[in-house]
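So this one's upload_32.cif, mmCIF, C-alpha atoms:
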data_structure
loop_
_atom_site.label_atom_id
_atom_site.label_comp_id
_atom_site.auth_asym_id
_atom_site.auth_seq_id
_atom_site.Cartn_x
_atom_site.Cartn_y
_atom_site.Cartn_z
CA MET F 1 109.70 -0.29 53.64
CA SER F 2 111.81 1.26 56.38
CA ILE F 3 111.37 4.78 57.68
CA ALA F 4 114.60 5.75 55.90
CA GLU F 5 113.26 4.38 52.60
CA ASN F 6 109.91 6.12 53.10
CA LEU F 7 111.67 9.37 53.92
CA ALA F 8 113.82 9.12 50.79
CA ALA F 9 110.69 8.62 48.68
CA VAL F 10 108.98 11.61 50.29
CA GLU F 11 112.11 13.69 49.75
CA ARG F 12 112.12 12.87 46.04
CA ARG F 13 108.48 13.97 45.79
CA ILE F 14 109.19 17.21 47.66
CA ARG F 15 112.08 18.02 45.36
CA ALA F 16 109.98 17.27 42.28
CA ALA F 17 107.16 19.51 43.52
CA CYS F 18 109.63 22.31 44.24
CA GLU F 19 111.07 21.95 40.75
CA ARG F 20 107.62 22.13 39.16
CA ALA F 21 106.88 25.28 41.15
CA GLY F 22 110.25 26.90 40.41
CA ARG F 23 111.14 26.86 44.09
CA LYS F 24 114.28 25.86 45.98
CA ARG F 25 114.15 22.76 48.16
CA GLY F 26 115.35 24.82 51.12
CA GLU F 27 112.12 26.85 51.05
CA VAL F 28 110.11 23.90 52.38
CA THR F 29 110.43 22.42 55.88
CA LEU F 30 109.43 18.78 56.30
CA VAL F 31 107.67 18.16 59.62
CA ALA F 32 107.51 14.42 60.34
CA VAL F 33 104.26 13.75 62.21
CA SER F 34 104.93 11.07 64.81
CA LYS F 35 101.65 10.92 66.73
CA THR F 36 101.00 7.41 68.15
CA PHE F 37 104.51 6.25 67.18
CA PRO F 38 107.04 5.49 69.96
CA ALA F 39 110.26 7.32 70.70
CA GLU F 40 112.41 4.71 68.96
CA LYS F 41 110.59 5.38 65.67
CA ILE F 42 111.20 9.11 66.09
CA ASP F 43 114.89 8.40 66.65
CA GLU F 44 114.89 6.25 63.52
CA ALA F 45 113.43 9.15 61.54
CA ILE F 46 115.94 11.62 63.01
CA ALA F 47 118.79 9.27 62.14
CA ALA F 48 117.48 9.20 58.57
CA GLY F 49 117.60 12.99 58.34
CA VAL F 50 114.39 14.37 59.89
CA THR F 51 114.99 17.65 61.75
CA HIS F 52 111.40 18.66 62.62
CA ILE F 53 108.91 16.51 64.55
CA GLY F 54 105.18 17.15 64.74
CA GLU F 55 102.92 15.93 67.54
CA ASN F 56 99.17 16.40 68.01
CA ARG F 57 98.82 16.07 71.78
CA VAL F 58 100.69 17.84 74.54
CA GLN F 59 100.54 14.90 76.93
CA GLU F 60 101.77 12.38 74.37
CA ALA F 61 104.70 14.61 73.42
CA ARG F 62 105.50 15.28 77.08
CA ASP F 63 105.77 11.55 77.71
CA LYS F 64 107.77 10.74 74.56
CA LYS F 65 110.18 13.63 74.14
CA PRO F 66 112.44 12.71 77.10
CA GLN F 67 112.90 9.25 75.56
CA VAL F 68 114.02 10.63 72.19
CA ARG F 69 117.81 10.67 71.93
CA GLY F 70 118.13 12.57 68.66
CA ALA F 71 117.88 16.35 68.30
CA ALA F 72 114.98 17.94 66.43
CA ARG F 73 112.67 20.92 66.60
CA TRP F 74 109.20 20.01 67.88
CA HIS F 75 105.96 21.40 66.45
CA LEU F 76 102.54 21.22 68.07
CA ILE F 77 100.12 20.61 65.21
CA GLY F 78 97.03 19.57 67.15
CA HIS F 79 94.47 21.63 69.03
CA LEU F 80 95.87 23.27 72.16
CA GLN F 81 93.60 23.63 75.15
CA SER F 82 94.36 26.84 76.98
CA ASN F 83 94.93 25.03 80.29
CA LYS F 84 97.86 23.16 78.68
CA ALA F 85 99.65 26.25 77.37
CA LYS F 86 102.22 26.12 80.18
CA ASP F 87 103.20 22.56 79.31
CA ALA F 88 103.17 23.29 75.58
CA VAL F 89 105.72 26.08 75.78
CA GLN F 90 108.09 23.78 77.68
CA ILE F 91 107.86 21.06 75.02
CA PHE F 92 107.45 22.68 71.63
CA ASP F 93 109.61 25.03 69.59
CA LEU F 94 106.68 26.10 67.42
CA ILE F 95 102.96 26.07 68.21
CA GLU F 96 101.13 25.90 64.88
CA THR F 97 97.57 25.87 66.18
CA VAL F 98 96.87 29.19 67.86
CA ASP F 99 93.19 29.79 67.15
CA SER F 100 92.27 32.72 69.39
CA ILE F 101 93.61 35.89 70.95
CA ASP F 102 92.98 34.39 74.39
CA LEU F 103 95.16 31.37 73.63
CA ALA F 104 97.95 33.59 72.32
CA GLN F 105 97.81 35.60 75.56
CA LYS F 106 98.04 32.43 77.65
CA ILE F 107 101.04 31.22 75.64
CA ALA F 108 102.73 34.59 76.14
CA ARG F 109 102.14 34.51 79.91
CA ALA F 110 103.48 30.95 80.14
CA SER F 111 106.64 31.66 78.12
CA GLU F 112 109.94 32.85 79.48
CA ARG F 113 110.95 34.05 76.01
CA ALA F 114 109.17 35.20 72.88
CA ARG F 115 107.40 32.20 71.36
CA ASN F 116 106.97 31.65 67.62
CA VAL F 117 103.41 30.72 66.69
CA LEU F 118 101.25 30.14 63.65
CA LEU F 119 97.63 31.21 63.45
CA GLN F 120 95.32 28.35 62.52
CA VAL F 121 92.74 29.25 59.88
CA ASN F 122 89.49 27.37 59.37
CA ILE F 123 90.02 27.80 55.66
CA GLY F 124 86.94 25.82 54.66
CA ASP F 125 84.65 27.42 57.26
CA GLU F 126 83.89 23.94 58.63
CA PRO F 127 82.01 23.99 61.96
CA GLN F 128 83.73 20.84 63.24
CA LYS F 129 87.25 22.24 62.83
CA SER F 130 89.29 24.61 64.96
CA GLY F 131 90.69 27.81 63.57
CA VAL F 132 89.89 31.44 62.96
CA ALA F 133 87.38 32.21 60.21
CA PRO F 134 89.08 33.73 57.16
CA ALA F 135 86.95 36.86 57.49
CA GLU F 136 88.38 37.42 61.00
CA ILE F 137 92.03 36.76 60.22
CA GLU F 138 93.12 40.37 59.72
CA ASN F 139 91.61 41.52 63.02
CA VAL F 140 92.86 38.54 65.04
CA ALA F 141 96.34 38.67 63.53
CA ARG F 142 96.62 42.37 64.30
CA GLN F 143 95.76 41.82 67.96
CA ILE F 144 98.08 38.83 68.33
CA ARG F 145 100.94 40.82 66.84
CA ALA F 146 100.45 43.35 69.63
CA ILE F 147 101.01 40.73 72.36
CA ASP F 148 104.45 40.74 73.95
CA GLY F 149 105.76 37.20 74.24
CA VAL F 150 104.50 35.73 70.98
CA ASN F 151 105.83 36.15 67.45
CA LEU F 152 103.24 35.48 64.76
CA ILE F 153 105.25 34.07 61.85
CA GLY F 154 102.63 32.47 59.60
CA LEU F 155 99.35 30.67 59.00
CA MET F 156 98.34 27.02 59.23
CA ALA F 157 95.29 25.17 57.94
CA ILE F 158 93.75 21.77 57.30
CA PRO F 159 91.56 22.11 54.18
CA PRO F 160 88.32 20.23 53.56
CA ILE F 161 88.59 16.85 51.87
CA GLY F 162 88.35 17.11 48.11
CA ASP F 163 89.77 19.77 45.83
CA VAL F 164 92.38 21.32 48.11
CA ARG F 165 94.13 23.62 45.66
CA PRO F 166 91.65 26.54 45.91
CA HIS F 167 91.90 26.41 49.72
CA PHE F 168 95.70 26.42 49.59
CA ARG F 169 95.60 29.41 47.24
CA ARG F 170 93.22 31.24 49.54
CA LEU F 171 95.48 30.62 52.54
CA ARG F 172 98.49 31.87 50.63
CA ALA F 173 96.60 35.03 49.67
CA LEU F 174 95.72 35.60 53.33
CA ARG F 175 99.34 35.06 54.36
CA ASP F 176 100.55 37.48 51.70
CA SER F 177 98.01 40.12 52.73
CA LEU F 178 99.37 39.98 56.28
CA GLY F 179 103.02 40.07 55.23
CA LEU F 180 103.85 36.85 57.10
CA GLU F 181 106.60 34.39 56.18
CA HIS F 182 105.25 30.90 56.70
CA LEU F 183 102.46 28.68 55.43
CA SER F 184 101.95 25.30 57.12
CA MET F 185 99.73 23.37 54.73
CA GLY F 186 99.88 19.96 53.10
CA MET F 187 99.88 16.45 54.54
CA SER F 188 100.61 12.96 53.18
CA GLU F 189 97.69 13.09 50.74
CA ASP F 190 98.26 16.55 49.29
CA PHE F 191 101.68 17.93 50.20
CA GLU F 192 102.83 18.17 46.59
CA ILE F 193 99.89 20.43 45.71
CA ALA F 194 100.60 22.47 48.84
CA ILE F 195 104.22 22.98 47.80
CA GLU F 196 103.11 24.04 44.33
CA GLU F 197 100.83 26.60 45.99
CA GLY F 198 103.51 28.05 48.26
CA SER F 199 103.62 25.98 51.44
CA THR F 200 106.75 26.48 53.55
CA MET F 201 105.96 23.64 55.99
CA VAL F 202 104.45 20.26 55.13
CA ARG F 203 103.19 17.93 57.86
CA ILE F 204 103.75 14.33 56.79
CA GLY F 205 103.05 11.30 58.96
CA ARG F 206 101.78 8.18 57.23
CA ALA F 207 104.05 8.51 54.19
CA ILE F 208 107.06 8.46 56.52
CA PHE F 209 106.07 6.29 59.50
CA GLY F 210 103.52 4.06 57.78
CA PRO F 211 99.90 3.42 58.79
CA ARG F 212 98.94 3.93 62.41
CA THR F 213 97.70 0.96 64.37
#
Write the structure described by the file as structure tokens, please.
Amino acid sequence: MSIAENLAAVERRIRAACERAGRKRGEVTLVAVSKTFPAEKIDEAIAAGVTHIGENRVQEARDKKPQVRGAARWHLIGHLQSNKAKDAVQIFDLIETVDSIDLAQKIARASERARNVLLQVNIGDEPQKSGVAPAEIENVARQIRAIDGVNLIGLMAIPPIGDVRPHFRRLRALRDSLGLEHLSMGMSEDFEIAIEEGSTMVRIGRAIFGPRT
């Protein structure tokens, strides 16, 4: 199937999930994750209607973005090393993976304007994953909100493999307790559950671009 056909199928599933949850389609942003795919595939997706692109690596996005002809908003959805904050703010419209106060400060210093960010939560308390521990979210969020140059607009997480619904519900509860707007949760395998549980951004790669080689 083509990218346009894949995107249409994903769109139908998003709309169905929104309907089941009693939500409007406009409440959910589709972020097409293009890591490892070339610029021409990104342009194909944009031509088919994609308006948000997600990339995992700063260097890969830096090399590809100038080759992309179509217009889209770019999201960093992979781990950001603090020494690449300066490059990241030049490339991305939204950094979804802020996982420390120190990183937020570096982003603020590197930005010429206030930068929207999401706080990454290690929602499953997994030692191998980045993100702030749920128990620390309130304290970290409070300190990041006090930093001039960053706007904390929501939370992001990658749940453990398995039963994801309880983790999505926990992230939504954390978001609600902080009074934030956005929840970035849900990927190709589980985005429908994420939408049912309140996600406002779903990060979908394989279901749109196909398997990575």
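Residue neighbourhood of Leu80 in chain F, excluding near-sequence residues (fewer than 5 positions): F:Asn56, F:Arg57, F:Val58, F:Ala85, F:Ala88, F:Ile95, F:Thr97, F:Val98, F:Asp99, F:Leu103, at 9 Å, using only C-alpha atoms.
Of the residues under consideration (F:Glu197, F:Glu112, F:Pro66, F:Arg212), F:Glu197 shows the shortest atom-to-atom contact distance to Val28 in chain F when counting all atoms listed in the file.
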Q: I need the residue set behind the PyMOL selection byres ((chain F and resi 113) around 12) for this file; please write it as a PyMOL selection string.
A: chain F and resi 89-90+93+107-112+114-116+148-151
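Applied to the shown file, the PyMOL selection byres ((chain F and resi 70-74) around 7) selects the residues F:Asp43, F:Ile46, F:Thr51, F:His52, F:Ile53, F:Gly54, F:Val68, F:Arg69, F:His75, F:Leu76, F:Phe92, F:Asp93, F:Leu94.
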Q: May I have the residues within 12 Å of Gln128 in chain F as a list of chain:residue names, using all atoms listed in the file and disregarding those fewer than 3 positions away in the same chain?
A: F:Asn122, F:Gly124, F:Asp125, F:Gly131, F:Ile158, F:Pro160
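Nearest to Gly198 in chain F of all the residues F:Ala8, F:Ile14, F:Ala61, F:Ala21 is F:Ala21, based on only C-alpha atoms.
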Q.
Running the PyMOL selection byres ((chain F and resi 154) around 8) on this model by hand, what would come out? Give it as a ChimeraX atom specification.
A. /F:117-119,152-153,155-156,175,180-184
Give me a file of those residues, with C-alpha atoms, as a PDB file, in the frame of the given file.
ATOM      1  CA  VAL F 117     103.410  30.720  66.690  1.00  0.00           C
ATOM      2  CA  LEU F 118     101.250  30.140  63.650  1.00  0.00           C
ATOM      3  CA  LEU F 119      97.630  31.210  63.450  1.00  0.00           C
ATOM      4  CA  LEU F 152     103.240  35.480  64.760  1.00  0.00           C
ATOM      5  CA  ILE F 153     105.250  34.070  61.850  1.00  0.00           C
ATOM      6  CA  LEU F 155      99.350  30.670  59.000  1.00  0.00           C
ATOM      7  CA  MET F 156      98.340  27.020  59.230  1.00  0.00           C
ATOM      8  CA  ARG F 175      99.340  35.060  54.360  1.00  0.00           C
ATOM      9  CA  LEU F 180     103.850  36.850  57.100  1.00  0.00           C
ATOM     10  CA  GLU F 181     106.600  34.390  56.180  1.00  0.00           C
ATOM     11  CA  HIS F 182     105.250  30.900  56.700  1.00  0.00           C
ATOM     12  CA  LEU F 183     102.460  28.680  55.430  1.00  0.00           C
ATOM     13  CA  SER F 184     101.950  25.300  57.120  1.00  0.00           C
TER      14      SER F 184
END
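For the atom pair formed by CA of Thr29 in chain F and CA of Val202 in chain F, the distance is 6.4 Å, given to one decimal.
Using all atoms listed in the file, the smallest distance between any of F:Glu136, F:Glu40, F:Glu189, F:Asp176 and Ile3 in chain F comes from F:Glu40.
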Q) Which residue gives the smallest distance to Asp190 in chain F among F:Ile42, F:Ala17, F:Ala141, F:Val33, with all atoms listed in the file counted? A) F:Ala17
Q. If you measure from CA of Ala194 in chain F to CA of Phe168 in chain F, what distance in Å do you get, rounded to one decimal?
A. 6.3 Å
Q. In Å to one decimal, how far is CA of Glu138 in chain F from CA of Cys18 in chain F?
A. 29.0 Å
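You can rank F:Leu178, F:His167, F:Ala207, F:Ile193 by their closest distance to Ile137 in chain F using all atoms listed in the file, and at the top of that list sits F:Leu178.
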(Q) List the spatial neighbours of Val50 in chain F as a ChimeraX atom specification - criterion: any atom at most 8 Å away, all atoms listed in the file, same-chain residues fewer than 5 positions off excluded. (A) /F:30-32,45,72
Q.
Taking 2 positions as the minimum chain separation for residues in the same chain, which residues sit within 12 Å of Asp63 in chain F when counting all atoms listed in the file? Answer as a list in words.
A. Lys35, Thr36, Phe37, Pro38, Ala39, Glu55, Arg57, Val58, Gln59, Glu60, Ala61, Lys65, Pro66, Gln67, Val68, Asp87 and Ile91 of chain F
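Closest approach to Ile101 in chain F from the set F:Met187, F:Ala135, F:Arg145, F:Lys129 is made by F:Arg145, with distances taken over all atoms listed in the file.
The point (90.8, 36.6, 53.2) has these residues within 7 Å of it, counting only C-alpha atoms: Pro134, Ala135, Arg170, Ala173 and Leu174 of chain F.
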(Q) Taking (108.1, 4.0, 60.7) as a centre in this file's frame and 6 Å as the limit, can you find every polymer residue with an atom that close, using only C-alpha atoms, and give them as a VMD selection string? (A) chain F and resid 3 41 209 to 210
